[in-house]
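Asker: One structure coming up, written as structure tokens, with questions to follow.
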Amino acid sequence: MARAPDLSEDPVPEPDRVEGAPHPRETPRLIGQAAAEATFMAAWRQGRMPHGWLLTGPRGVGKATLAWRIARFLLATAEGDGGLFAPPPADSLDIPPDHPVCRRMLALSEPRLFLLRRPWDDKATPPRHRQEITVEEVRRMKNFFSLSAADGGRRAAIIDAADDLNTNAANALLKLLEEPPRGVTLLLVSHQPWRLLPTIRSRCRELRLGPLSAPDLAQALVAAGGEADGAGAMAELSGGSVGEAIRIANLDGMKLYARILALFASLPRIDRPRALALAEAGAGRGPEAEASFELILGLVDLFLARLARAGVTGAPPPEAASGEAALIARLAPDAAAALVWADLAQSLSARARRGRAVNLDPASLLMDMVLKIDETAGMLAPR
């Protein structure tokens, strides 16, 4: 019988782990996604279990946590015959933490589970995870299930994320969905399901997870070892994503967003020393500098999107930082201004990322963004 690889002692970093947060398999409780859990349990009780589930929604809202909860439930719940002495049907996905399946899954040594994710490339310089899931990995999964059938019972696979499958890997997975091994459930995590093959989507039942409300986000942050303070503002900045909220908190993103708003408060007469200081904050080389650059870029994108949305709706969103509502109302007073800001957001983001891809100076790219925003504010300012 083939066994899942035991990675518990593996020093290689995990591609599906958010720094500063528990891994989804280490998260016993899922917050804010009761509807998705109820949908799965209804299918379970009715005996209408598909071979493939597609878990979709924004990044960081609990899709992987739900996949691990479902896999744990499937592998730990006995298959009863419905007879007189059969146990009562389960009413939730909860499994006691001391259950052997829970312990094995936590150690990545459960023999009936296969975890498919981007592989580690030792030959790269420096060694790193590959950017995609290759067909060889899908073939390993197919072989794993063909060799694991001897023990009987249910088996499961978590594909995190299905968006990372390259073309050949996606086609190989499709064949597995078309002719699934007996007793196997495939759990596909997808942040961008429209990128998947339509035939893959059609052969899975979708479970859609939504952004978390501010109260749910506060609970999730505390459960992940974070702080609940400012959960309302964090919900606005993170789009209701726990993973994004943790990333923002790790990089002190709330203070950074307040700094961006303070800079834009003088539009259309930008404070150039302040602008240069912000641009320099995203400069440099290495993982930390890259993370800072991406965060600044993302927060500027977010501000422009909030400008555009407020101009269309006629009302500013809940404030993510003090003074934001007044600034948005001044810069985007109507739908015409909103359209200009929306067009600018799309072009600026693409331009900056193209420049970064060809190794242009990140500080220059960020300064260029700020100057373009200043120029646009000047064009929209009342004469």
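Chain lettering (A, B, ...) mirrors the order of the structure tokens, residue numbering begins at 1 for each chain separately, and ligand numbering begins at 1 in order of display.
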I need the residues of region 80-248 of chain A that end up classed as strand (DSSP E) by DSSP on the backbone, written out as a VMD selection string.
Answerer: chain A and resid 113 to 116 120 to 121 128 to 129 155 to 160 184 to 190 205 to 208
Asker: Take the residues that were just selected and, keeping C-alpha atoms, output them as a PDB file, in the first residue's frame.
Answerer:
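What follows is the written file again-v4.pdb:
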ATOM      1  CA  LEU A 113      -4.722  11.587   1.877  1.00  0.00           C
ATOM      2  CA  PHE A 114      -2.731  13.061  -0.994  1.00  0.00           C
ATOM      3  CA  LEU A 115      -1.699  16.728  -0.916  1.00  0.00           C
ATOM      4  CA  LEU A 116      -1.062  18.237  -4.354  1.00  0.00           C
ATOM      5  CA  TRP A 120      10.087  22.329  -4.379  1.00  0.00           C
ATOM      6  CA  ASP A 121      12.847  22.760  -6.982  1.00  0.00           C
ATOM      7  CA  ARG A 128      12.548  27.589  -4.431  1.00  0.00           C
ATOM      8  CA  HIS A 129       9.054  26.372  -5.174  1.00  0.00           C
ATOM      9  CA  ARG A 155      -9.614   8.492   0.291  1.00  0.00           C
ATOM     10  CA  ALA A 156      -9.140  12.183  -0.436  1.00  0.00           C
ATOM     11  CA  ALA A 157      -6.879  14.628  -2.218  1.00  0.00           C
ATOM     12  CA  ILE A 158      -6.432  18.349  -1.596  1.00  0.00           C
ATOM     13  CA  ILE A 159      -5.262  20.375  -4.613  1.00  0.00           C
ATOM     14  CA  ASP A 160      -4.056  23.742  -3.333  1.00  0.00           C
ATOM     15  CA  VAL A 184     -11.874   9.092  -3.845  1.00  0.00           C
ATOM     16  CA  THR A 185     -12.932  12.710  -3.248  1.00  0.00           C
ATOM     17  CA  LEU A 186     -10.921  15.489  -4.888  1.00  0.00           C
ATOM     18  CA  LEU A 187     -10.984  18.874  -3.129  1.00  0.00           C
ATOM     19  CA  LEU A 188      -9.847  21.664  -5.454  1.00  0.00           C
ATOM     20  CA  VAL A 189      -9.004  25.052  -3.924  1.00  0.00           C
ATOM     21  CA  SER A 190      -9.275  27.879  -6.459  1.00  0.00           C
ATOM     22  CA  ARG A 205     -19.617  20.832  -7.417  1.00  0.00           C
ATOM     23  CA  GLU A 206     -18.775  24.379  -6.366  1.00  0.00           C
ATOM     24  CA  LEU A 207     -18.638  25.583  -2.785  1.00  0.00           C
ATOM     25  CA  ARG A 208     -18.422  29.372  -2.820  1.00  0.00           C
TER      26      ARG A 208
END
Asker: Just the residues within 6 Å of Val242 (chain A), please, counting only C-alpha atoms, with nothing from its chain fewer than 3 positions along; format it as a PyMOL selection string.
Answerer: chain A and resi 60-61+245
Asker: Store the residues of this selection in a file with N, CA, C and O atoms, as a CSV table (one decimal), in the first residue's frame.
Answerer:
chain,number,residue,atom,x,y,z
A,60,GLY,N,-7.6,33.7,1.0
A,60,GLY,CA,-7.5,33.9,2.4
A,60,GLY,C,-8.8,34.0,3.2
A,60,GLY,O,-8.8,34.4,4.3
A,61,VAL,N,-9.9,33.5,2.6
A,61,VAL,CA,-11.1,33.5,3.4
A,61,VAL,C,-11.5,32.2,4.0
A,61,VAL,O,-12.5,32.0,4.6
A,245,ALA,N,-5.3,39.9,5.7
A,245,ALA,CA,-5.2,40.7,7.0
A,245,ALA,C,-4.0,40.4,7.7
A,245,ALA,O,-3.3,41.3,8.3
Asker: Residues of region 241-280 of chain A in helix (DSSP H, G or I) according to DSSP, as a VMD selection string?
Answerer: chain A and resid 242 to 250 253 to 264 272 to 280
Asker: Write out the residues from the selection above, keeping N, CA, C and O atoms, as a short mmCIF file (atom, residue, chain, number, x, y, z; two decimals), in the first residue's frame.
Answerer:
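Generated file (again15.cif):
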data_model
loop_
_atom_site.label_atom_id
_atom_site.label_comp_id
_atom_site.auth_asym_id
_atom_site.auth_seq_id
_atom_site.Cartn_x
_atom_site.Cartn_y
_atom_site.Cartn_z
N VAL A 242 -8.78 36.75 5.81
CA VAL A 242 -7.92 36.57 6.98
C VAL A 242 -6.45 36.53 6.55
O VAL A 242 -5.58 37.14 7.18
N GLY A 243 -6.16 35.78 5.48
CA GLY A 243 -4.78 35.69 5.01
C GLY A 243 -4.21 37.05 4.65
O GLY A 243 -3.07 37.37 5.00
N GLU A 244 -5.02 37.86 3.94
CA GLU A 244 -4.54 39.19 3.56
C GLU A 244 -4.40 40.08 4.79
O GLU A 244 -3.47 40.89 4.89
N ALA A 245 -5.32 39.94 5.75
CA ALA A 245 -5.24 40.74 6.98
C ALA A 245 -3.96 40.43 7.75
O ALA A 245 -3.30 41.33 8.26
N ILE A 246 -3.58 39.16 7.81
CA ILE A 246 -2.35 38.77 8.50
C ILE A 246 -1.14 39.33 7.75
O ILE A 246 -0.19 39.83 8.37
N ARG A 247 -1.17 39.26 6.42
CA ARG A 247 -0.05 39.82 5.63
C ARG A 247 0.07 41.32 5.88
O ARG A 247 1.18 41.84 6.08
N ILE A 248 -1.05 42.02 5.87
CA ILE A 248 -1.04 43.47 6.10
C ILE A 248 -0.52 43.78 7.51
O ILE A 248 0.28 44.69 7.70
N ALA A 249 -0.98 43.00 8.49
CA ALA A 249 -0.53 43.23 9.86
C ALA A 249 0.96 42.97 10.00
O ALA A 249 1.67 43.72 10.68
N ASN A 250 1.45 41.91 9.36
CA ASN A 250 2.89 41.58 9.44
C ASN A 250 3.76 42.71 8.91
O ASN A 250 4.88 42.93 9.37
N GLY A 253 0.72 47.29 7.65
CA GLY A 253 0.02 47.90 6.52
C GLY A 253 -0.99 48.96 6.87
O GLY A 253 -1.25 49.86 6.07
N MET A 254 -1.58 48.89 8.07
CA MET A 254 -2.56 49.92 8.43
C MET A 254 -1.88 51.28 8.58
O MET A 254 -2.41 52.30 8.13
N LYS A 255 -0.70 51.30 9.19
CA LYS A 255 0.05 52.56 9.29
C LYS A 255 0.50 53.03 7.91
O LYS A 255 0.50 54.22 7.62
N LEU A 256 0.85 52.07 7.06
CA LEU A 256 1.28 52.42 5.71
C LEU A 256 0.13 53.03 4.92
O LEU A 256 0.32 54.02 4.18
N TYR A 257 -1.08 52.48 5.08
CA TYR A 257 -2.23 53.05 4.36
C TYR A 257 -2.53 54.46 4.86
O TYR A 257 -2.84 55.36 4.06
N ALA A 258 -2.42 54.67 6.17
CA ALA A 258 -2.62 56.03 6.71
C ALA A 258 -1.57 56.98 6.15
O ALA A 258 -1.87 58.16 5.86
N ARG A 259 -0.37 56.49 5.95
CA ARG A 259 0.70 57.31 5.36
C ARG A 259 0.39 57.66 3.90
O ARG A 259 0.64 58.79 3.46
N ILE A 260 -0.16 56.71 3.17
CA ILE A 260 -0.53 56.97 1.78
C ILE A 260 -1.65 58.01 1.72
O ILE A 260 -1.62 58.93 0.89
N LEU A 261 -2.63 57.89 2.61
CA LEU A 261 -3.72 58.87 2.64
C LEU A 261 -3.19 60.26 2.99
O LEU A 261 -3.65 61.27 2.43
N ALA A 262 -2.25 60.34 3.93
CA ALA A 262 -1.68 61.63 4.30
C ALA A 262 -0.96 62.26 3.11
O ALA A 262 -1.01 63.48 2.91
N LEU A 263 -0.30 61.44 2.30
CA LEU A 263 0.37 61.94 1.10
C LEU A 263 -0.65 62.47 0.10
O LEU A 263 -0.49 63.57 -0.46
N PHE A 264 -1.73 61.70 -0.11
CA PHE A 264 -2.72 62.08 -1.10
C PHE A 264 -3.65 63.21 -0.62
O PHE A 264 -4.40 63.78 -1.42
N ARG A 272 6.36 66.42 -2.59
CA ARG A 272 7.39 65.58 -3.22
C ARG A 272 8.32 64.89 -2.22
O ARG A 272 8.65 63.72 -2.41
N PRO A 273 8.79 65.57 -1.18
CA PRO A 273 9.62 64.83 -0.21
C PRO A 273 8.89 63.64 0.41
O PRO A 273 9.46 62.55 0.57
N ARG A 274 7.60 63.81 0.73
CA ARG A 274 6.82 62.69 1.26
C ARG A 274 6.68 61.59 0.22
O ARG A 274 6.73 60.40 0.54
N ALA A 275 6.45 61.99 -1.03
CA ALA A 275 6.30 61.01 -2.11
C ALA A 275 7.59 60.20 -2.29
O ALA A 275 7.55 58.98 -2.47
N LEU A 276 8.73 60.89 -2.25
CA LEU A 276 10.02 60.20 -2.39
C LEU A 276 10.26 59.23 -1.23
O LEU A 276 10.76 58.13 -1.43
N ALA A 277 9.86 59.65 -0.03
CA ALA A 277 10.05 58.78 1.14
C ALA A 277 9.20 57.52 1.00
O ALA A 277 9.64 56.41 1.33
N LEU A 278 7.96 57.66 0.50
CA LEU A 278 7.11 56.49 0.30
C LEU A 278 7.70 55.57 -0.76
O LEU A 278 7.73 54.35 -0.59
N ALA A 279 8.18 56.15 -1.86
CA ALA A 279 8.76 55.35 -2.93
C ALA A 279 9.99 54.59 -2.44
O ALA A 279 10.18 53.41 -2.77
N GLU A 280 10.81 55.23 -1.61
CA GLU A 280 12.00 54.57 -1.09
C GLU A 280 11.65 53.42 -0.14
O GLU A 280 12.41 52.46 0.00
#
Asker: Hey, what's within 12 Å of region 330-335 of chain A if we count only C-alpha atoms and toss same-chain stuff fewer than 3 positions away? As a PDB file with C-alpha atoms, in the first residue's frame, please?
Answerer:
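part_21.pdb, written as the output of this step:
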ATOM      1  CA  LEU A 261      -3.718  58.873   2.643  1.00  0.00           C
ATOM      2  CA  PHE A 264      -2.723  62.082  -1.103  1.00  0.00           C
ATOM      3  CA  ALA A 265      -4.434  64.608   1.194  1.00  0.00           C
ATOM      4  CA  SER A 266      -2.494  67.376  -0.574  1.00  0.00           C
ATOM      5  CA  LEU A 267      -3.581  66.351  -4.082  1.00  0.00           C
ATOM      6  CA  PRO A 268      -3.382  67.910  -6.609  1.00  0.00           C
ATOM      7  CA  PHE A 303      -7.364  53.429  -2.674  1.00  0.00           C
ATOM      8  CA  LEU A 304      -8.024  54.038  -6.372  1.00  0.00           C
ATOM      9  CA  ALA A 305     -10.658  51.295  -6.425  1.00  0.00           C
ATOM     10  CA  ARG A 306     -12.369  52.845  -3.416  1.00  0.00           C
ATOM     11  CA  LEU A 307     -12.290  56.222  -5.136  1.00  0.00           C
ATOM     12  CA  ALA A 308     -13.942  54.753  -8.230  1.00  0.00           C
ATOM     13  CA  ARG A 309     -16.589  52.865  -6.245  1.00  0.00           C
ATOM     14  CA  ALA A 310     -17.492  55.896  -4.139  1.00  0.00           C
ATOM     15  CA  GLY A 311     -17.839  58.095  -7.211  1.00  0.00           C
ATOM     16  CA  VAL A 312     -20.283  55.635  -8.780  1.00  0.00           C
ATOM     17  CA  THR A 313     -22.357  54.974  -5.653  1.00  0.00           C
ATOM     18  CA  GLY A 314     -22.283  58.529  -4.360  1.00  0.00           C
ATOM     19  CA  ALA A 315     -21.195  57.401  -0.888  1.00  0.00           C
ATOM     20  CA  PRO A 316     -17.714  56.710   0.493  1.00  0.00           C
ATOM     21  CA  GLY A 323      -9.867  61.232   7.092  1.00  0.00           C
ATOM     22  CA  GLU A 324     -10.359  58.794   4.228  1.00  0.00           C
ATOM     23  CA  ALA A 325     -14.059  59.543   3.691  1.00  0.00           C
ATOM     24  CA  ALA A 326     -13.521  63.299   3.253  1.00  0.00           C
ATOM     25  CA  LEU A 327     -10.576  62.731   0.904  1.00  0.00           C
ATOM     26  CA  ALA A 338     -14.990  57.628 -10.843  1.00  0.00           C
ATOM     27  CA  LEU A 339     -14.496  56.450 -14.429  1.00  0.00           C
ATOM     28  CA  VAL A 340     -11.214  58.369 -14.706  1.00  0.00           C
ATOM     29  CA  TRP A 341      -9.907  56.868 -11.453  1.00  0.00           C
ATOM     30  CA  ALA A 342     -10.985  53.355 -12.495  1.00  0.00           C
ATOM     31  CA  ILE A 373      -2.170  60.184  -9.555  1.00  0.00           C
ATOM     32  CA  ASP A 374      -1.193  63.800  -8.842  1.00  0.00           C
ATOM     33  CA  THR A 376      -4.999  63.050 -12.676  1.00  0.00           C
ATOM     34  CA  ALA A 377      -6.164  64.868  -9.536  1.00  0.00           C
ATOM     35  CA  GLY A 378      -5.036  68.129 -11.117  1.00  0.00           C
ATOM     36  CA  MET A 379      -6.991  67.371 -14.286  1.00  0.00           C
ATOM     37  CA  LEU A 380     -10.154  66.651 -12.238  1.00  0.00           C
ATOM     38  CA  ALA A 381      -9.776  69.604  -9.862  1.00  0.00           C
ATOM     39  CA  PRO A 382     -12.394  72.353 -10.266  1.00  0.00           C
TER      40      PRO A 382
END
